[in-house]
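Here is work00.txt, consisting of compact mmCIF, C-alpha atoms:
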# COMPACT_ATOMS: atom_id res chain seq x y z
CA MET N 1 43.39 -29.47 -112.18
CA VAL N 2 42.79 -27.49 -115.43
CA GLU N 3 40.32 -30.09 -116.57
CA SER N 4 38.27 -29.76 -113.31
CA LYS N 5 37.98 -25.97 -113.69
CA LYS N 6 36.71 -26.37 -117.22
CA LYS N 7 33.96 -28.69 -116.03
CA MET N 8 32.88 -26.25 -113.33
CA LEU N 9 32.71 -23.35 -115.82
CA ALA N 10 30.67 -25.44 -118.21
CA TYR N 11 28.22 -26.40 -115.41
CA GLU N 12 27.82 -22.75 -114.35
CA GLU N 13 27.13 -21.63 -117.93
CA SER N 14 24.55 -24.39 -118.32
CA ARG N 15 22.79 -23.39 -115.05
CA LEU N 16 22.59 -19.72 -116.00
CA LYS N 17 21.22 -20.66 -119.37
CA ARG N 18 18.41 -22.74 -117.79
CA LEU N 19 17.49 -19.87 -115.45
CA GLU N 20 17.13 -17.50 -118.39
CA GLU N 21 14.96 -19.99 -120.24
CA ASN N 22 12.69 -20.50 -117.21
CA LYS N 23 12.33 -16.75 -116.74
CA LYS N 24 11.25 -16.32 -120.34
CA ARG N 25 8.68 -19.12 -120.01
CA MET N 26 7.14 -17.53 -116.88
CA GLU N 27 6.83 -14.20 -118.67
CA GLU N 28 5.18 -15.93 -121.62
CA LEU N 29 2.68 -17.71 -119.33
CA ASN N 30 2.13 -14.55 -117.24
CA LEU N 31 2.70 -16.60 -113.99
CA SER N 32 3.99 -13.71 -111.89
CA LYS N 33 0.72 -11.79 -112.30
CA LEU N 34 -1.26 -14.98 -111.58
CA VAL N 35 0.59 -15.52 -108.26
CA GLN N 36 -0.07 -11.92 -107.27
CA ALA N 37 -3.79 -12.31 -108.05
CA VAL N 38 -4.02 -15.47 -105.97
CA ARG N 39 -2.39 -13.76 -102.98
CA THR N 40 -4.79 -10.84 -103.25
CA ALA N 41 -7.84 -13.11 -103.47
CA THR N 42 -6.88 -15.21 -100.43
CA SER N 43 -6.06 -12.27 -98.13
CA PRO N 44 -8.90 -11.67 -95.55
CA LYS N 45 -11.03 -8.63 -96.08
CA PRO N 46 -12.27 -6.62 -93.14
CA SER N 47 -15.99 -7.22 -92.64
CA PRO N 48 -18.15 -4.15 -92.27
CA MET N 49 -19.58 -3.61 -88.76
CA LYS N 50 -23.19 -4.49 -88.35
CA LYS N 51 -25.41 -1.86 -86.94
CA VAL N 52 -27.23 -3.18 -83.88
CA LYS N 53 -30.56 -1.67 -83.09
CA PRO N 54 -30.99 -0.80 -79.42
CA ARG N 55 -33.47 -3.03 -77.62
CA VAL N 56 -36.56 -1.42 -76.25
CA ARG N 57 -37.60 -2.95 -72.91
CA GLN N 58 -41.28 -3.57 -72.68
CA GLU N 59 -43.07 -2.97 -69.43
CA VAL N 60 -44.34 -6.23 -67.91
CA ASP N 61 -47.44 -6.41 -65.82
CA ARG N 62 -46.03 -8.11 -62.72
CA SER N 63 -49.46 -8.64 -61.26
CA ALA N 64 -50.24 -11.14 -64.01
CA VAL N 65 -49.28 -14.73 -63.26
CA ARG N 66 -48.08 -17.16 -65.92
CA ARG N 67 -50.60 -19.97 -66.07
CA SER N 68 -50.81 -23.08 -68.21
CA ASN N 69 -53.76 -23.92 -70.44
CA ARG N 70 -54.86 -26.62 -67.99
CA VAL N 71 -55.70 -24.07 -65.29
CA ALA N 72 -56.50 -21.04 -67.45
CA ASP N 73 -60.23 -21.31 -66.75
CA LYS N 74 -59.76 -21.60 -62.99
CA PRO N 75 -59.54 -18.66 -60.55
CA PRO N 76 -56.01 -17.42 -59.82
CA PRO N 77 -54.35 -18.90 -56.73
CA ASN N 78 -54.15 -16.93 -53.50
CA TYR N 79 -50.67 -17.00 -51.95
CA LYS N 80 -51.61 -15.12 -48.81
CA GLU N 81 -50.42 -16.90 -45.70
CA VAL N 82 -53.23 -18.32 -43.61
CA PRO N 83 -52.45 -19.25 -39.98
CA ILE N 84 -52.98 -22.92 -39.11
CA GLU N 85 -54.77 -23.77 -35.93
CA PRO N 86 -52.76 -26.02 -33.61
CA LEU N 87 -53.96 -29.60 -33.21
CA GLY N 88 -53.93 -29.38 -29.47
CA LYS N 89 -52.70 -27.29 -26.62
CA PRO N 90 -49.05 -28.26 -26.04
CA ARG N 91 -47.69 -28.63 -22.55
CA SER N 92 -45.56 -25.74 -21.39
CA TYR N 93 -42.44 -26.44 -19.36
CA LYS N 94 -40.23 -24.00 -17.55
CA ARG N 95 -36.65 -23.79 -18.74
CA ARG N 96 -33.89 -25.46 -16.79
CA ASP N 97 -31.03 -23.24 -15.63
CA LEU N 98 -28.12 -25.02 -17.29
CA LEU N 99 -25.53 -22.64 -15.85
CA ASN N 100 -26.47 -23.45 -12.26
CA ARG N 101 -26.67 -27.21 -12.39
CA VAL N 102 -26.55 -29.03 -9.08
CA TYR N 103 -24.57 -32.26 -9.01
CA ALA N 104 -25.34 -34.87 -6.40
CA ASP N 105 -22.42 -36.10 -4.31
CA ASP N 106 -21.47 -39.77 -4.49
CA GLU N 107 -22.80 -40.63 -1.03
CA ASP N 108 -26.29 -39.21 -1.68
CA ARG N 109 -26.37 -40.77 -5.14
CA GLN N 110 -25.52 -44.21 -3.76
CA TYR N 111 -28.09 -43.87 -0.97
CA ALA N 112 -30.85 -43.09 -3.52
CA ILE N 113 -29.85 -46.14 -5.57
CA GLU N 114 -30.00 -48.38 -2.51
CA ARG N 115 -33.47 -47.10 -1.63
CA ALA N 116 -34.62 -47.67 -5.22
CA GLU N 117 -33.27 -51.22 -5.19
CA GLN N 118 -35.09 -51.85 -1.93
CA LEU N 119 -38.34 -50.62 -3.49
CA GLN N 120 -37.70 -52.81 -6.55
CA SER N 121 -37.45 -55.87 -4.31
CA GLU N 122 -40.84 -55.07 -2.74
CA ILE N 123 -42.92 -54.57 -5.91
CA ASP N 124 -44.56 -57.39 -7.88
CA ALA N 125 -41.82 -59.64 -9.22
CA ASP N 126 -44.10 -60.96 -12.00
CA PHE N 127 -43.43 -57.76 -13.93
CA PRO N 128 -39.80 -57.14 -15.01
CA SER N 129 -38.19 -54.00 -13.65
CA PHE N 130 -34.88 -52.14 -13.42
CA VAL N 131 -33.35 -49.23 -11.50
CA LYS N 132 -32.11 -46.20 -13.45
CA PRO N 133 -30.03 -43.51 -11.64
CA MET N 134 -30.41 -40.04 -13.13
CA LEU N 135 -27.47 -38.13 -14.62
CA GLN N 136 -27.31 -34.55 -15.88
CA SER N 137 -27.71 -35.72 -19.50
CA HIS N 138 -30.98 -37.41 -18.51
CA VAL N 139 -32.59 -34.41 -16.83
CA THR N 140 -31.01 -31.35 -18.51
CA GLY N 141 -29.65 -30.46 -21.92
CA GLY N 142 -30.13 -33.36 -24.32
CA PHE N 143 -32.80 -35.20 -22.31
CA TRP N 144 -31.83 -38.62 -23.63
CA LEU N 145 -32.51 -41.66 -21.46
CA GLY N 146 -30.62 -44.81 -22.36
CA LEU N 147 -32.11 -48.03 -20.99
CA PRO N 148 -30.29 -51.24 -19.93
CA VAL N 149 -29.32 -53.18 -23.05
CA HIS N 150 -30.15 -56.62 -21.63
CA PHE N 151 -33.59 -55.45 -20.50
CA CYS N 152 -34.33 -53.94 -23.93
CA ASN N 153 -33.23 -57.06 -25.80
CA THR N 154 -35.31 -59.29 -23.54
CA HIS N 155 -38.54 -57.37 -22.95
CA LEU N 156 -38.95 -54.38 -25.29
CA PRO N 157 -40.03 -54.24 -28.99
CA LYS N 158 -37.48 -54.79 -31.76
CA ARG N 159 -38.66 -51.71 -33.65
CA ASP N 160 -39.42 -48.11 -32.72
CA GLU N 161 -42.60 -47.77 -30.66
CA PHE N 162 -44.43 -45.29 -28.46
CA VAL N 163 -43.93 -46.21 -24.79
CA THR N 164 -46.19 -44.88 -22.04
CA LEU N 165 -44.81 -43.86 -18.65
CA ILE N 166 -47.25 -43.89 -15.70
CA ASP N 167 -46.21 -42.03 -12.56
CA GLU N 168 -47.37 -42.70 -8.99
CA ASN N 169 -50.36 -40.39 -9.51
CA GLU N 170 -51.49 -42.50 -12.51
CA ASP N 171 -50.69 -39.64 -14.92
CA GLU N 172 -49.58 -40.95 -18.31
CA PHE N 173 -46.76 -39.60 -20.49
CA GLU N 174 -46.15 -40.85 -24.02
CA THR N 175 -42.50 -41.20 -25.07
CA LYS N 176 -40.72 -42.46 -28.16
CA TYR N 177 -38.65 -45.62 -27.76
CA LEU N 178 -35.83 -46.01 -30.29
CA ALA N 179 -35.07 -49.71 -30.66
CA LEU N 180 -31.63 -49.40 -32.30
CA LYS N 181 -30.40 -46.89 -29.72
CA ARG N 182 -32.25 -48.62 -26.85
CA GLY N 183 -33.53 -45.49 -25.18
CA LEU N 184 -36.31 -42.94 -24.76
CA SER N 185 -36.23 -39.77 -26.82
CA GLY N 186 -39.32 -37.69 -27.63
CA GLY N 187 -41.59 -37.24 -24.61
CA TRP N 188 -38.97 -38.06 -22.00
CA ARG N 189 -38.06 -34.38 -21.67
CA GLY N 190 -41.61 -33.54 -20.67
CA PHE N 191 -41.68 -36.32 -18.08
CA ALA N 192 -38.33 -35.23 -16.58
CA ILE N 193 -39.28 -31.55 -16.36
CA ASP N 194 -42.83 -32.17 -15.16
CA HIS N 195 -41.53 -34.34 -12.29
CA GLU N 196 -38.58 -32.01 -11.58
CA LEU N 197 -36.02 -34.78 -11.82
CA VAL N 198 -32.47 -33.85 -10.86
CA ASP N 199 -29.04 -35.40 -10.96
CA GLY N 200 -28.85 -38.22 -8.41
CA ASP N 201 -32.52 -39.24 -8.40
CA ALA N 202 -33.12 -42.95 -8.85
CA LEU N 203 -36.11 -44.28 -10.82
CA VAL N 204 -37.65 -47.75 -10.76
CA PHE N 205 -39.16 -48.76 -14.12
CA GLN N 206 -41.66 -51.63 -13.93
CA LEU N 207 -42.91 -53.02 -17.26
CA ILE N 208 -46.61 -53.70 -16.65
CA GLU N 209 -47.46 -54.08 -20.36
CA SER N 210 -45.43 -54.57 -23.54
CA THR N 211 -45.09 -50.80 -24.07
CA LYS N 212 -46.13 -49.39 -20.70
CA PHE N 213 -43.96 -48.63 -17.65
CA LYS N 214 -44.96 -47.86 -14.09
CA VAL N 215 -42.34 -45.39 -12.80
CA TYR N 216 -41.42 -44.87 -9.14
CA ILE N 217 -39.22 -41.88 -8.25
CA ILE N 218 -36.72 -41.88 -5.35
CA ARG N 219 -35.52 -38.34 -4.64
CA VAL N 220 -31.86 -37.84 -3.89
CA ASN N 221 -32.53 -34.79 -1.70
CA GLN N 222 -35.32 -36.28 0.42
CA ALA N 223 -35.15 -38.41 3.54
CA GLU N 224 -36.43 -41.97 3.36
CA ASP N 225 -40.22 -42.16 3.54

Take the structure in the file and give it back as structure tokens.
Amino acid sequence: MVESKKKMLAYEESRLKRLEENKKRMEELNLSKLVQAVRTATSPKPSPMKKVKPRVRQEVDRSAVRRSNRVADKPPPNYKEVPIEPLGKPRSYKRRDLLNRVYADDEDRQYAIERAEQLQSEIDADFPSFVKPMLQSHVTGGFWLGLPVHFCNTHLPKRDEFVTLIDENEDEFETKYLALKRGLSGGWRGFAIDHELVDGDALVFQLIESTKFKVYIIRVNQAED
């Protein structure tokens, strides 16, 4: 026990002696001042604020137009709107009253179809034909006329074409046939309005040429002629 205490005292004396020696060496080498100088040199210094000169806005001549060198020798363009003359006088149609639509009853609708089928049986059978009863979507609103799929696949073109409709007065109306949708779009509205077609009318379409129909109209609200 006494021997262990002696060793500890000797170790403590040796440690204190080394600390004193190290302190003297640092003073001789002037290390403490060197550390302080390094800390001072590495600390960030506040940068002085730069004085910014206020910008002076220059007046720009807005009437001048930026032009490239390629067109510098040409007169400046004129952007004034010039009215374009129409290609032709369009047909004017009176608006349909969509709020006061008249729907045909089933009996009158069926009677018009029967009369149309009778007319179909009397016309030239060498030209293919079909009967198409009119619905509200055909004669008001969207004005889209879908045609029988089998008839389209058998007799009509496989791509979009202009199809002419000829009424009983030999007046011609050009419509747009959409092959994928198998129906008439542009131009059909004019035909429907011009002939005052209504819900329940039945039409007979007779294909007299590859893109030309003769159209017979059976009125739902008229007695048999």

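Going from atom CA of N:Gln120 to atom CA of N:Val220 covers 16.3 Å.
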
Min atom-atom distance to N:Asp199 from the set N:Ile218, N:Leu19, N:Ala179, N:Cys152, counting only C-alpha atoms, belongs to N:Ile218

Compute the distance from (-44.6, -42.8, -20.7) to each atom, counting all atoms listed in the file, keep the residues with any atom at most 12 Å away, and return them as a PyMOL selection string; use the coordinates of the file.
-> chain N and resi 161-167+170-177+184-192+205-209+211-215

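Neighbouring residues of N:Gly183 at 8 Å or closer, counting only C-alpha atoms and skipping chain neighbours under 4 positions away, are Trp144, Leu145, Gly146, Leu147, Tyr177, Leu178 and Ala179 of chain N.
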
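Ranking N:Asp160, N:Asp201, N:Glu27, N:Glu122 by their shortest atom-to-atom distance to N:Gln110, with all atoms listed in the file included, puts N:Asp201 first.
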
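The space between atom CA of N:Met8 and atom CA of N:Glu20 spans 18.7 Å.
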
Quick one: distance from atom CA of N:Ala104 to atom CA of N:Asn221 in Å, one decimal?
-> 8.6 Å

Of the residues N:Leu180, N:Thr154, N:Glu117, N:Val198, which is the one nearest to N:Leu135, using all atoms listed in the file?
-> N:Val198

Neighbours of N:Gly200 within 12 Å (all atoms listed in the file; same-chain residues fewer than 3 positions away dropped), as an NGL selection string?
-> :N and (101-114 or 116 or 132-139 or 196-197 or 203 or 217-222)

Quick one: 3 Å padding each side, axis-aligned, all listed atoms of stretch 13-26 of chain N - centre and edge lengths in Å to one decimal, as AutoDock Vina command-line options?
--center_x 17.1 --center_y -20.4 --center_z -117.7 --size_x 26.0 --size_y 14.1 --size_z 11.3

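The shortest atom-to-atom distance to N:Phe127, with all atoms listed in the file taken into account, belongs to N:Ser210 out of N:Ser210, N:Thr40, N:Ser14, N:Ser4.
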